[in-house]
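Accompanying notes for the structure given below.
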Amino acid sequence: MATESAHLPAVSAQSALRAGSAVMSLAGIGFIGYAVIFFVRNFTDSFLELGIGSSEVSVGKTQIEAFSPSLYHYISHLHIAVSGFIAAAGLAVACLAWFGVRRGQMWAWVTAVAVPVLALAVALPAHYPWGFDTLGHLGLIYLDTLIFVAGAALAYYGLARSRKES
């Protein structure tokens with residue numbers, strides 16, 4: 001006789017929901033952490049994004065600034081703006097997961113999942129044609145995304161199970 005417990009350990013819907021939403025929130029905070037790294041590097045000699053070096057971009061901060069101060073300021077403003085949007089997305093995910101998903105709100109789960117999916121669907125493809133897909137550059141985002149997906153799956157299990165039990 002095949003039962004649900006034969007496939008998954010006996011985990012209550014509420015336990016799965018609490019654990020999954022906590023992991024989703026942690027991943028949202030991870031996105032904020034990545035944004036902080038992105039922001040700080042803009043103001044250091046590194047200037048370029050994490051994991052992007054001379055193999056990917058043949059000039060650095062000094063050369064860009066010497067070539068065109070206005071181009072340097074433009075790139076800097078993009079770094080600042082992108083870091084702000086990454087942090088905002090991370091905050092939205094963390095809050096949706098902690099305050100909505102944890103309370104069993106399916107709309108919060110859908111929105112918390114849609115935010116990083118949309119961000120990654122727009123941002124990731126541009127990394128591959130020009131060789132910006134280095135492990136050093138995308139590794140932390142991929143790791144944080146895997147953590148997020150695990151939390152989202154666990155939370156979804158809890159949401160689905162609690163709806164089934166109702």
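Naming scheme: A, B, ... for chains in displayed order of the structure tokens; residues 1 onward per chain; ligands 1 onward as shown.
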> Within 12 Å of Ser54 of chain A, counting only C-alpha atoms, which residues qualify if same-chain residues fewer than 6 places away don't, as a VMD selection string?
Replying inline: chain A and resid 46 to 48 60 to 61 63 131 to 132
Quick one: residues within 8 Å of His137 of chain A, only C-alpha atoms, excluding same-chain residues fewer than 6 positions away - as a PDB file with all heavy atoms, in the first residue's frame?
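Output contents, as saved in part-v1.pdb:
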ATOM      1  N   GLU A  49      31.973  44.227 -11.322  1.00  0.00           N
ATOM      2  CA  GLU A  49      31.181  43.325 -10.512  1.00  0.00           C
ATOM      3  C   GLU A  49      32.008  42.142 -10.008  1.00  0.00           C
ATOM      4  O   GLU A  49      33.032  41.787 -10.595  1.00  0.00           O
ATOM      5  CB  GLU A  49      29.999  42.792 -11.321  1.00  0.00           C
ATOM      6  CG  GLU A  49      29.046  43.868 -11.778  1.00  0.00           C
ATOM      7  CD  GLU A  49      28.010  43.325 -12.729  1.00  0.00           C
ATOM      8  OE1 GLU A  49      27.247  42.435 -12.317  1.00  0.00           O
ATOM      9  OE2 GLU A  49      27.984  43.776 -13.882  1.00  0.00           O
ATOM     10  N   LEU A  50      31.526  41.524  -8.964  1.00  0.00           N
ATOM     11  CA  LEU A  50      32.159  40.343  -8.390  1.00  0.00           C
ATOM     12  C   LEU A  50      32.339  39.284  -9.471  1.00  0.00           C
ATOM     13  O   LEU A  50      31.413  38.986 -10.219  1.00  0.00           O
ATOM     14  CB  LEU A  50      31.261  39.792  -7.268  1.00  0.00           C
ATOM     15  CG  LEU A  50      31.782  38.607  -6.476  1.00  0.00           C
ATOM     16  CD1 LEU A  50      33.025  39.002  -5.693  1.00  0.00           C
ATOM     17  CD2 LEU A  50      30.712  38.120  -5.519  1.00  0.00           C
ATOM     18  N   GLY A  51      33.535  38.719  -9.566  1.00  0.00           N
ATOM     19  CA  GLY A  51      33.803  37.653 -10.526  1.00  0.00           C
ATOM     20  C   GLY A  51      34.094  38.117 -11.938  1.00  0.00           C
ATOM     21  O   GLY A  51      34.268  37.306 -12.835  1.00  0.00           O
ATOM     22  N   ILE A  52      34.151  39.423 -12.144  1.00  0.00           N
ATOM     23  CA  ILE A  52      34.481  39.968 -13.463  1.00  0.00           C
ATOM     24  C   ILE A  52      35.859  40.610 -13.350  1.00  0.00           C
ATOM     25  O   ILE A  52      36.075  41.505 -12.539  1.00  0.00           O
ATOM     26  CB  ILE A  52      33.448  41.013 -13.936  1.00  0.00           C
ATOM     27  CG1 ILE A  52      32.054  40.394 -14.025  1.00  0.00           C
ATOM     28  CG2 ILE A  52      33.873  41.626 -15.264  1.00  0.00           C
ATOM     29  CD1 ILE A  52      31.900  39.280 -15.045  1.00  0.00           C
TER      30      ILE A  52
END
> Smallest atom-to-atom distance to Ala114 of chain A: which of A:Trp98, A:Ala81, A:Tyr72, A:Phe148, using only C-alpha atoms?
Replying inline: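 Smallest separation from Ala114 of chain A among the options: A:Phe148.
Note that the spacing between atom CA of Gln105 of chain A and atom CA of Leu159 of chain A amounts to 8.0 Å.
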> Rounded to one decimal in Å, what is the spacing between atom CA of Ser15 of chain A and atom CA of Val93 of chain A?
Replying inline: 19.7 Å
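Of the listed residues A:Leu26, A:Ile75, A:Val11, A:Ile80, the one whose atoms come nearest to Thr145 of chain A is A:Leu26, with distances taken using only C-alpha atoms.
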Write out as a tab-separated table the residues of segment 83-108 of chain A that have any atom within 12 Å of an atom of segment 38-41 of chain A, one row each with the nearest atom pair and its distance in Å to one decimal, counting only C-alpha atoms, sorted by chain and then rising number.
residue	atom	partner	partner_atom	distance
A:Ser83	CA	A:Phe39	CA	5.6
A:Gly84	CA	A:Phe39	CA	8.1
A:Phe85	CA	A:Phe39	CA	10.9
A:Ile86	CA	A:Phe38	CA	9.2
A:Ala87	CA	A:Phe39	CA	9.8
> Hey, what does DSSP flag as alpha helix (DSSP H) within chain A? Can you give it to me as a ChimeraX atom specification?
Replying inline: /A:4-7,13-42,61-67,69-95,106-123,135-165
